[in-house]
file model16.cif (mmCIF, C-alpha atoms and all ligand atoms)
data_model
#
loop_
_atom_site.group_PDB
_atom_site.id
_atom_site.type_symbol
_atom_site.label_atom_id
_atom_site.label_comp_id
_atom_site.auth_asym_id
_atom_site.auth_seq_id
_atom_site.Cartn_x
_atom_site.Cartn_y
_atom_site.Cartn_z
ATOM 1 C CA MET A 1 -12.216 37.901 0.311
ATOM 2 C CA ASN A 2 -12.191 37.883 -3.471
ATOM 3 C CA HIS A 3 -9.763 39.865 -5.556
ATOM 4 C CA SER A 4 -10.677 40.826 -9.047
ATOM 5 C CA ALA A 5 -8.383 41.404 -11.985
ATOM 6 C CA THR A 6 -8.653 45.125 -11.507
ATOM 7 C CA ASP A 7 -6.372 45.371 -8.491
ATOM 8 C CA MET A 8 -3.527 43.311 -9.918
ATOM 9 C CA SER A 9 -0.529 44.018 -12.120
ATOM 10 C CA SER A 10 -0.319 42.288 -15.475
ATOM 11 C CA SER A 11 3.321 41.243 -15.685
ATOM 12 C CA PRO A 12 3.316 37.761 -17.211
ATOM 13 C CA LEU A 13 5.601 35.028 -15.922
ATOM 14 C CA PRO A 14 8.226 33.361 -18.079
ATOM 15 C CA GLU A 15 7.210 30.103 -19.717
ATOM 16 C CA GLY A 16 8.738 26.646 -19.492
ATOM 17 C CA GLY A 17 8.564 24.706 -16.227
ATOM 18 C CA SER A 18 8.474 21.036 -15.453
ATOM 19 C CA ARG A 19 4.662 20.999 -15.238
ATOM 20 C CA GLY A 20 4.537 22.950 -18.445
ATOM 21 C CA GLU A 21 4.398 25.888 -16.083
ATOM 22 C CA PRO A 22 7.033 28.544 -15.635
ATOM 23 C CA THR A 23 9.941 27.535 -13.431
ATOM 24 C CA LEU A 24 10.492 30.510 -11.220
ATOM 25 C CA ALA A 25 12.545 29.100 -8.414
ATOM 26 C CA PRO A 26 13.978 25.685 -7.687
ATOM 27 C CA ARG A 27 11.197 23.224 -6.953
ATOM 28 C CA GLY A 28 11.416 21.688 -3.547
ATOM 29 C CA ALA A 29 9.152 19.226 -1.903
ATOM 30 C CA GLY A 30 10.330 18.246 1.508
ATOM 31 C CA GLY A 31 12.944 15.716 0.494
ATOM 32 C CA THR A 32 16.438 15.215 1.730
ATOM 33 C CA ALA A 33 17.766 18.330 0.044
ATOM 34 C CA HIS A 34 16.490 21.861 0.366
ATOM 35 C CA PRO A 35 16.521 24.083 -2.684
ATOM 36 C CA PRO A 36 19.067 26.866 -2.804
ATOM 37 C CA LEU A 37 17.616 30.316 -2.459
ATOM 38 C CA PRO A 38 17.130 32.318 -5.597
ATOM 39 C CA GLU A 39 19.281 35.393 -5.853
ATOM 40 C CA GLY A 40 18.119 38.913 -5.442
ATOM 41 C CA GLY A 41 15.029 38.591 -3.275
ATOM 42 C CA SER A 42 14.505 40.476 -0.088
ATOM 43 C CA ARG A 43 15.298 38.123 2.754
ATOM 44 C CA GLY A 44 13.946 37.537 6.150
ATOM 45 C CA GLU A 45 10.810 39.669 5.884
ATOM 46 C CA PRO A 46 9.380 40.174 9.326
ATOM 47 C CA THR A 47 6.915 37.833 10.935
ATOM 48 C CA PRO A 48 3.968 36.779 11.247
ATOM 49 C CA ALA A 49 5.807 33.526 11.425
ATOM 50 C CA VAL A 50 5.869 29.909 12.435
ATOM 51 C CA LYS A 51 8.274 28.496 14.979
ATOM 52 C CA ASP A 52 10.984 26.448 13.302
ATOM 53 C CA GLY A 53 11.726 23.535 15.636
ATOM 54 C CA GLY A 54 11.013 25.792 18.587
ATOM 55 C CA CYS A 55 13.928 28.107 17.711
ATOM 56 C CA ALA A 56 13.743 30.762 15.051
ATOM 57 C CA ALA A 57 10.510 32.296 13.805
ATOM 58 C CA VAL A 58 10.207 31.768 10.075
ATOM 59 C CA PRO A 59 7.487 33.451 7.994
ATOM 60 C CA VAL A 60 5.238 31.215 5.924
ATOM 61 C CA ILE A 61 2.787 31.888 3.119
ATOM 62 C CA THR A 62 0.519 28.960 2.252
ATOM 63 C CA ILE A 63 -1.216 28.570 -1.106
ATOM 64 C CA ASP A 64 -3.880 25.881 -1.191
ATOM 65 C CA GLY A 65 -6.445 25.133 -3.827
ATOM 66 C CA PRO A 66 -7.848 22.590 -6.256
ATOM 67 C CA THR A 67 -6.012 20.800 -9.048
ATOM 68 C CA ALA A 68 -4.541 23.018 -11.776
ATOM 69 C CA SER A 69 -5.497 26.273 -10.098
ATOM 70 C CA GLY A 70 -1.953 27.476 -10.782
ATOM 71 C CA LYS A 71 -0.669 27.022 -7.226
ATOM 72 C CA GLY A 72 2.728 25.658 -8.227
ATOM 73 C CA THR A 73 3.554 28.422 -10.665
ATOM 74 C CA VAL A 74 2.284 31.100 -8.335
ATOM 75 C CA ALA A 75 4.070 29.667 -5.286
ATOM 76 C CA HIS A 76 7.354 29.739 -7.182
ATOM 77 C CA GLY A 77 6.738 33.304 -8.325
ATOM 78 C CA VAL A 78 6.018 34.507 -4.807
ATOM 79 C CA ALA A 79 9.012 32.609 -3.418
ATOM 80 C CA GLU A 80 11.299 34.073 -6.039
ATOM 81 C CA ALA A 81 10.110 37.615 -5.383
ATOM 82 C CA LEU A 82 10.665 37.251 -1.646
ATOM 83 C CA GLY A 83 13.846 35.148 -1.873
ATOM 84 C CA TRP A 84 12.205 32.347 0.097
ATOM 85 C CA HIS A 85 12.145 28.556 -0.091
ATOM 86 C CA VAL A 86 9.259 26.776 -1.753
ATOM 87 C CA LEU A 87 7.497 23.532 -0.932
ATOM 88 C CA ASP A 88 5.517 21.728 -3.660
ATOM 89 C CA SER A 89 3.776 19.282 -1.343
ATOM 90 C CA GLY A 90 1.846 17.650 -4.188
ATOM 91 C CA ALA A 91 5.175 16.341 -5.535
ATOM 92 C CA LEU A 92 5.561 14.215 -2.404
ATOM 93 C CA TYR A 93 2.150 12.603 -2.921
ATOM 94 C CA ARG A 94 2.966 12.057 -6.580
ATOM 95 C CA LEU A 95 6.358 10.524 -5.716
ATOM 96 C CA THR A 96 4.643 8.210 -3.254
ATOM 97 C CA ALA A 97 2.193 7.195 -5.976
ATOM 98 C CA LEU A 98 4.951 6.560 -8.498
ATOM 99 C CA ALA A 99 7.067 4.555 -6.048
ATOM 100 C CA ALA A 100 4.045 2.521 -4.918
ATOM 101 C CA ARG A 101 3.058 1.762 -8.489
ATOM 102 C CA GLU A 102 6.572 0.659 -9.381
ATOM 103 C CA GLN A 103 6.834 -1.498 -6.263
ATOM 104 C CA GLY A 104 3.449 -3.063 -6.947
ATOM 105 C CA VAL A 105 1.914 -1.850 -3.692
ATOM 106 C CA PRO A 106 -1.902 -1.951 -3.886
ATOM 107 C CA ALA A 107 -3.657 1.419 -3.636
ATOM 108 C CA ASP A 108 -5.586 0.295 -0.542
ATOM 109 C CA ASP A 109 -2.708 -1.145 1.490
ATOM 110 C CA ALA A 110 -2.378 1.785 3.891
ATOM 111 C CA ALA A 111 0.445 0.346 5.993
ATOM 112 C CA ARG A 112 2.689 -0.457 3.042
ATOM 113 C CA LEU A 113 1.872 2.849 1.351
ATOM 114 C CA ALA A 114 2.810 4.725 4.500
ATOM 115 C CA ALA A 115 6.090 2.825 4.546
ATOM 116 C CA VAL A 116 6.694 3.823 0.926
ATOM 117 C CA ALA A 117 5.933 7.478 1.760
ATOM 118 C CA GLY A 118 8.147 7.461 4.843
ATOM 119 C CA GLY A 119 11.018 5.801 3.023
ATOM 120 C CA LEU A 120 11.030 7.857 -0.169
ATOM 121 C CA ASP A 121 14.586 8.259 -1.418
ATOM 122 C CA VAL A 122 14.187 11.635 -3.101
ATOM 123 C CA ARG A 123 16.488 14.445 -4.067
ATOM 124 C CA PHE A 124 15.366 17.849 -5.281
ATOM 125 C CA GLU A 125 17.488 19.962 -7.538
ATOM 126 C CA PRO A 126 16.519 23.036 -9.522
ATOM 127 C CA GLY A 127 14.057 21.815 -12.152
ATOM 128 C CA CYS A 128 14.709 18.132 -11.370
ATOM 129 C CA ILE A 129 13.361 15.552 -8.941
ATOM 130 C CA TYR A 130 15.209 12.286 -8.380
ATOM 131 C CA LEU A 131 13.624 9.133 -7.006
ATOM 132 C CA CYS A 132 16.259 6.530 -6.090
ATOM 133 C CA GLY A 133 18.714 8.465 -8.255
ATOM 134 C CA ARG A 134 16.421 8.523 -11.330
ATOM 135 C CA GLU A 135 15.056 11.813 -12.677
ATOM 136 C CA VAL A 136 11.254 11.618 -12.488
ATOM 137 C CA GLY A 137 10.209 15.275 -12.699
ATOM 138 C CA GLU A 138 8.174 14.723 -15.866
ATOM 139 C CA LEU A 139 6.957 11.249 -14.970
ATOM 140 C CA ILE A 140 5.228 12.354 -11.767
ATOM 141 C CA ARG A 141 3.280 15.028 -13.689
ATOM 142 C CA GLN A 142 1.387 12.383 -15.662
ATOM 143 C CA GLU A 143 -2.370 12.420 -15.115
ATOM 144 C CA GLU A 144 -2.399 8.754 -13.978
ATOM 145 C CA VAL A 145 0.203 9.486 -11.328
ATOM 146 C CA GLY A 146 -1.776 12.538 -10.158
ATOM 147 C CA ASN A 147 -4.962 10.501 -9.946
ATOM 148 C CA LEU A 148 -3.256 7.736 -7.962
ATOM 149 C CA ALA A 149 -1.664 10.382 -5.723
ATOM 150 C CA SER A 150 -5.105 11.740 -4.976
ATOM 151 C CA ARG A 151 -6.312 8.259 -3.944
ATOM 152 C CA LEU A 152 -3.327 7.631 -1.690
ATOM 153 C CA ALA A 153 -3.637 11.119 -0.227
ATOM 154 C CA ALA A 154 -6.998 10.133 1.252
ATOM 155 C CA LEU A 155 -5.240 7.666 3.580
ATOM 156 C CA PRO A 156 -4.409 9.139 7.013
ATOM 157 C CA GLU A 157 -1.377 6.844 7.315
ATOM 158 C CA VAL A 158 0.153 8.268 4.148
ATOM 159 C CA ARG A 159 -0.529 11.846 5.206
ATOM 160 C CA ALA A 160 1.035 11.241 8.605
ATOM 161 C CA ALA A 161 4.113 9.724 7.002
ATOM 162 C CA LEU A 162 4.640 12.857 4.892
ATOM 163 C CA LEU A 163 3.954 15.456 7.564
ATOM 164 C CA ALA A 164 7.453 15.739 9.041
ATOM 165 C CA ARG A 165 9.041 15.885 5.602
ATOM 166 C CA GLN A 166 6.873 18.832 4.705
ATOM 167 C CA ARG A 167 7.534 20.695 7.952
ATOM 168 C CA ALA A 168 11.275 20.130 7.514
ATOM 169 C CA PHE A 169 11.069 22.572 4.651
ATOM 170 C CA LEU A 170 10.444 25.419 7.037
ATOM 171 C CA ARG A 171 13.739 27.265 7.003
ATOM 172 C CA PRO A 172 14.818 30.903 7.095
ATOM 173 C CA PRO A 173 14.307 33.320 5.523
ATOM 174 C CA GLY A 174 10.799 32.054 4.723
ATOM 175 C CA LEU A 175 8.689 29.443 3.008
ATOM 176 C CA VAL A 176 5.944 29.475 0.406
ATOM 177 C CA ALA A 177 4.100 26.144 0.631
ATOM 178 C CA ASP A 178 1.537 24.960 -1.908
ATOM 179 C CA GLY A 179 -0.884 22.073 -1.653
ATOM 180 C CA ARG A 180 -4.302 21.249 -0.232
ATOM 181 C CA ASP A 181 -3.797 21.382 3.537
ATOM 182 C CA MET A 182 -0.848 23.727 3.957
ATOM 183 C CA GLY A 183 -2.916 26.337 5.799
ATOM 184 C CA THR A 184 -5.170 23.946 7.684
ATOM 185 C CA VAL A 185 -2.838 21.157 8.840
ATOM 186 C CA VAL A 186 0.817 21.487 7.920
ATOM 187 C CA PHE A 187 1.401 25.184 8.699
ATOM 188 C CA PRO A 188 -1.683 26.318 10.644
ATOM 189 C CA GLU A 189 0.204 29.306 12.073
ATOM 190 C CA ALA A 190 1.216 30.692 8.681
ATOM 191 C CA GLY A 191 1.187 34.469 8.473
ATOM 192 C CA LEU A 192 -0.715 34.511 5.193
ATOM 193 C CA LYS A 193 -2.978 31.798 3.822
ATOM 194 C CA ILE A 194 -4.225 31.977 0.260
ATOM 195 C CA PHE A 195 -6.937 29.729 -1.130
ATOM 196 C CA LEU A 196 -6.479 29.864 -4.885
ATOM 197 C CA VAL A 197 -9.473 28.932 -6.986
ATOM 198 C CA ALA A 198 -10.375 29.020 -10.680
ATOM 199 C CA ASP A 199 -13.395 27.646 -12.453
ATOM 200 C CA VAL A 200 -13.017 24.072 -13.595
ATOM 201 C CA GLY A 201 -13.287 24.989 -17.297
ATOM 202 C CA ALA A 202 -10.379 27.422 -17.031
ATOM 203 C CA ARG A 203 -8.327 24.865 -15.122
ATOM 204 C CA ALA A 204 -8.976 22.072 -17.635
ATOM 205 C CA GLU A 205 -8.071 24.378 -20.501
ATOM 206 C CA ARG A 206 -4.806 25.359 -18.800
ATOM 207 C CA ARG A 207 -3.933 21.723 -18.224
ATOM 208 C CA ARG A 208 -4.772 20.874 -21.855
ATOM 209 C CA LYS A 209 -2.449 23.627 -23.092
ATOM 210 C CA GLN A 210 0.352 22.413 -20.821
ATOM 211 C CA LEU A 211 0.015 18.871 -22.127
ATOM 212 C CA MET A 212 -0.183 20.009 -25.756
ATOM 213 C CA GLU A 213 2.999 22.057 -25.286
ATOM 214 C CA LYS A 214 4.708 18.853 -24.240
ATOM 215 C CA GLY A 215 3.349 17.049 -27.293
ATOM 216 C CA ILE A 216 0.928 14.984 -25.195
ATOM 217 C CA PRO A 217 -2.533 14.754 -26.789
ATOM 218 C CA ALA A 218 -5.279 15.704 -24.359
ATOM 219 C CA ASN A 219 -9.037 15.599 -24.534
ATOM 220 C CA LEU A 220 -10.791 18.445 -22.763
ATOM 221 C CA GLU A 221 -13.771 16.303 -21.735
ATOM 222 C CA ASP A 222 -11.500 13.672 -20.176
ATOM 223 C CA LEU A 223 -9.530 16.348 -18.348
ATOM 224 C CA LEU A 224 -12.714 17.944 -17.047
ATOM 225 C CA ARG A 225 -14.018 14.598 -15.797
ATOM 226 C CA ASP A 226 -10.704 13.677 -14.110
ATOM 227 C CA MET A 227 -10.417 17.107 -12.546
ATOM 228 C CA ARG A 228 -13.948 17.015 -11.130
ATOM 229 C CA GLU A 229 -13.329 13.530 -9.743
ATOM 230 C CA ARG A 230 -10.057 14.548 -8.167
ATOM 231 C CA ASP A 231 -11.508 17.755 -6.706
ATOM 232 C CA ALA A 232 -14.403 15.779 -5.215
ATOM 233 C CA ARG A 233 -12.088 13.168 -3.716
ATOM 234 C CA ASP A 234 -9.738 15.813 -2.294
ATOM 235 C CA ALA A 235 -12.606 17.872 -0.878
ATOM 236 C CA ASN A 236 -14.607 14.983 0.585
ATOM 237 C CA ARG A 237 -11.935 12.869 2.218
ATOM 238 C CA LYS A 238 -12.074 12.563 5.988
ATOM 239 C CA VAL A 239 -8.510 13.640 6.697
ATOM 240 C CA ALA A 240 -7.157 17.056 5.728
ATOM 241 C CA PRO A 241 -9.740 17.690 3.018
ATOM 242 C CA LEU A 242 -9.222 20.410 0.455
ATOM 243 C CA ALA A 243 -10.768 23.419 2.183
ATOM 244 C CA PRO A 244 -9.812 26.992 2.928
ATOM 245 C CA ALA A 245 -8.519 27.642 6.425
ATOM 246 C CA ALA A 246 -10.880 29.827 8.453
ATOM 247 C CA ASP A 247 -8.382 32.694 8.142
ATOM 248 C CA ALA A 248 -7.524 32.134 4.452
ATOM 249 C CA ARG A 249 -7.925 34.793 1.760
ATOM 250 C CA GLN A 250 -9.654 33.460 -1.325
ATOM 251 C CA LEU A 251 -8.271 34.492 -4.703
ATOM 252 C CA ASP A 252 -9.938 33.629 -8.011
ATOM 253 C CA SER A 253 -7.387 33.256 -10.808
ATOM 254 C CA SER A 254 -9.857 32.273 -13.574
ATOM 255 C CA SER A 255 -9.187 35.445 -15.545
ATOM 256 C CA LEU A 256 -5.712 36.282 -14.246
ATOM 257 C CA THR A 257 -2.271 35.521 -15.594
ATOM 258 C CA ALA A 258 0.158 33.796 -13.270
ATOM 259 C CA GLY A 259 2.046 37.096 -12.965
ATOM 260 C CA GLN A 260 -1.090 38.963 -11.914
ATOM 261 C CA THR A 261 -1.833 36.311 -9.317
ATOM 262 C CA VAL A 262 1.697 36.480 -7.920
ATOM 263 C CA GLN A 263 1.435 40.252 -7.722
ATOM 264 C CA ALA A 264 -1.901 40.056 -5.946
ATOM 265 C CA ILE A 265 -0.458 37.769 -3.284
ATOM 266 C CA LEU A 266 2.617 39.964 -2.840
ATOM 267 C CA ASN A 267 0.320 42.970 -2.431
ATOM 268 C CA ILE A 268 -1.697 41.208 0.253
ATOM 269 C CA TRP A 269 1.473 40.113 2.039
ATOM 270 C CA ARG A 270 3.030 43.580 1.954
ATOM 271 C CA GLN A 271 -0.189 45.223 3.112
ATOM 272 C CA ALA A 272 -0.338 42.776 5.999
ATOM 273 C CA GLN A 273 3.258 43.618 6.900
ATOM 274 C CA ALA A 274 2.634 47.347 6.708
ATOM 275 C CA GLY A 275 -0.414 47.032 8.936
ATOM 276 C CA ARG A 276 1.344 45.126 11.708
HETATM 277 O O1 LIG B 301 -0.897 19.465 -6.320
HETATM 278 P P1 LIG B 301 -0.802 18.187 -7.091
HETATM 279 O O2 LIG B 301 -1.818 18.052 -8.190
HETATM 280 O O3 LIG B 301 0.587 17.909 -7.574
HETATM 281 O O4 LIG B 301 -1.132 17.049 -6.024
HETATM 282 C C1 LIG B 301 -1.382 15.712 -6.408
HETATM 283 C C2 LIG B 301 -2.394 15.128 -5.437
HETATM 284 O O5 LIG B 301 -1.803 15.034 -4.146
HETATM 285 C C3 LIG B 301 -3.652 15.973 -5.235
HETATM 286 O O6 LIG B 301 -4.696 15.620 -6.126
HETATM 287 C C4 LIG B 301 -4.046 15.697 -3.813
HETATM 288 O O7 LIG B 301 -4.899 14.585 -3.727
HETATM 289 C C5 LIG B 301 -2.748 15.320 -3.138
HETATM 290 N N1 LIG B 301 -2.266 16.371 -2.266
HETATM 291 C C6 LIG B 301 -2.782 16.429 -0.997
HETATM 292 N N2 LIG B 301 -2.301 17.341 -0.119
HETATM 293 C C7 LIG B 301 -1.353 18.210 -0.469
HETATM 294 C C8 LIG B 301 -0.837 18.197 -1.790
HETATM 295 C C9 LIG B 301 -1.324 17.263 -2.676
HETATM 296 O O8 LIG B 301 -3.661 15.665 -0.640
HETATM 297 N N3 LIG B 301 -0.893 19.083 0.420
#
call {"tool": "encode", "arguments": {"input": "model16.cif", "output": "structure tokens", "more": "lines below"}}
Ligand code: C5P
result
Amino acid sequence: MNHSATDMSSSPLPEGGSRGEPTLAPRGAGGTAHPPLPEGGSRGEPTPAVKDGGCAAVPVITIDGPTASGKGTVAHGVAEALGWHVLDSGALYRLTALAAREQGVPADDAARLAAVAGGLDVRFEPGCIYLCGREVGELIRQEEVGNLASRLAALPEVRAALLARQRAFLRPPGLVADGRDMGTVVFPEAGLKIFLVADVGARAERRRKQLMEKGIPANLEDLLRDMRERDARDANRKVAPLAPAADARQLDSSSLTAGQTVQAILNIWRQAQAGR
């Protein structure tokens, strides 16, 4: 289902996050630490939910979509509004890429890359990500790291090594998980699955603005080319390709602010709750 701008609120989100996107709630990504819950949200909204280790039922909203579709910003906004945890799964692939690059592990050595992914020494704190005690939140947002992450993410061994870390993020009162395969592979029983899209021109322009705000020069043509390449690689890989789950709701954010997109998802979630 597509949602147009007409059925969404227009409250903009605050600026200034680690991706050049607003930081709305502590970023978490399945590491050793779980982010503290933001204050003030409603907690423990009722299921639909996913079983947490076979014990409690924990509600999950997944937000998948292509590069720079705004998933991270929107996931944090939804998590903050609901008072839930958030999982930025792309950060784990980026951390694996950074660690592999620094350790000199070749991009086609699946066994060693899986070992790097499985052994990541990461710590997540609000607005900061530490790899082996070093803050790398900005470093992993570099385009080269994202492109390498996308190559490593095509390897089944790497994906398998990161699966448990991602699922470990499922904790009460709820989880908003963003990535490529959150609704299809990692949390297939999620109560709401959003597939967030935006046309590639809008996405490249957003990314260019983010980079410019950080003082990093960016060429729109280069960004467009990289984005198309990465989308194609993510969508065409054999394992967990970028694709909407059969029961996902598609949302086009090309002409929406982040705040409008957050509101649209909250509306869908609340309607689903009311209709249960
Ligand atoms: O979302 P982000 O751009 O940070 O992700 C970096 C890369 O990691 C993506 O291009 C994609 O190849 C990979 N990724 C993935 N599955 C996820 C999240 C990210 O394959 N769930």
call {"tool": "resolve_selection", "arguments": {"input": "model16.cif", "expression": "the PyMOL selection byres (((chain A and resi 94) around 9) and not hetatm)", "output": "PyMOL selection string"}}
result
chain A and resi 89-93+95-99+140-141+145-150
call {"tool": "atom_distance", "arguments": {"input": "model16.cif", "atom1": "atom CA of Ala79 of chain A", "atom2": "atom CA of Pro172 of chain A"}}
result
12.1 Å
call {"tool": "closest_atom_pairs", "arguments": {"input": "model16.cif", "of": "segment 146-263 of chain A", "to": "segment 71-74 of chain A", "cutoff": "8 Å", "atoms": "all atoms listed in the file", "output": "CSV"}}
result
residue,atom,partner,partner_atom,distance
A:Asp178,CA,A:Lys71,CA,6.1
A:Gly179,CA,A:Lys71,CA,7.5
A:Leu196,CA,A:Lys71,CA,6.9
A:Ala258,CA,A:Val74,CA,6.0
A:Gly259,CA,A:Val74,CA,7.6
A:Thr261,CA,A:Val74,CA,6.7
A:Val262,CA,A:Val74,CA,5.4
call {"tool": "residues_around", "arguments": {"input": "model16.cif", "residues": "Leu211 of chain A", "least_positions_apart": "3", "cutoff": "10 Å", "atoms": "only C-alpha atoms", "output": "list in words"}}
result
Arg19, Gly20, Arg141, Gln142, Glu143, Glu205, Arg206, Arg207, Arg208, Lys214, Gly215, Ile216, Pro217, Ala218 and Asn219 of chain A
call {"tool": "resolve_selection", "arguments": {"input": "model16.cif", "expression": "the PyMOL selection byres (((chain A and resi 87) around 9) and not hetatm)", "output": "list of chain:residue names"}}
result
A:Arg27, A:Gly28, A:Ala29, A:Gly30, A:Gly72, A:Ala75, A:His76, A:His85, A:Val86, A:Asp88, A:Ser89, A:Gly90, A:Ala91, A:Gln166, A:Phe169, A:Leu170, A:Leu175, A:Val176, A:Ala177, A:Asp178, A:Gly179
call {"tool": "closest_residue", "arguments": {"input": "model16.cif", "among": "A:Arg228, A:Lys209, A:Lys238, A:Arg180", "to": "ligand LIG 301 (chain B)", "atoms": "all atoms listed in the file"}}
result
A:Arg180
call {"tool": "resolve_selection", "arguments": {"input": "model16.cif", "expression": "the PyMOL selection byres (((chain A and resi 119) around 12) and not hetatm)", "output": "number ranges by chain"}}
result
A: 31-32, 92, 95-96, 99-100, 112-118, 120-122, 131-132, 158, 161-162, 165
call {"tool": "atom_distance", "arguments": {"input": "model16.cif", "atom1": "atom CA of Leu251 of chain A", "atom2": "atom CA of Arg171 of chain A"}}
result
26.0 Å
call {"tool": "closest_residue", "arguments": {"input": "model16.cif", "among": "A:Leu242, A:Val60, A:Ala107, A:Ala202", "to": "ligand LIG 301 (chain B)", "atoms": "only C-alpha atoms and all ligand atoms"}}
result
A:Leu242
call {"tool": "axis_aligned_box", "arguments": {"input": "model16.cif", "around": "ligand LIG 301 (chain B)", "padding_each_side": "8 Å", "output": "JSON"}}
result
{"center_x": -2.2, "center_y": 17.0, "center_z": -3.9, "size_x": 21.5, "size_y": 20.9, "size_z": 24.6}
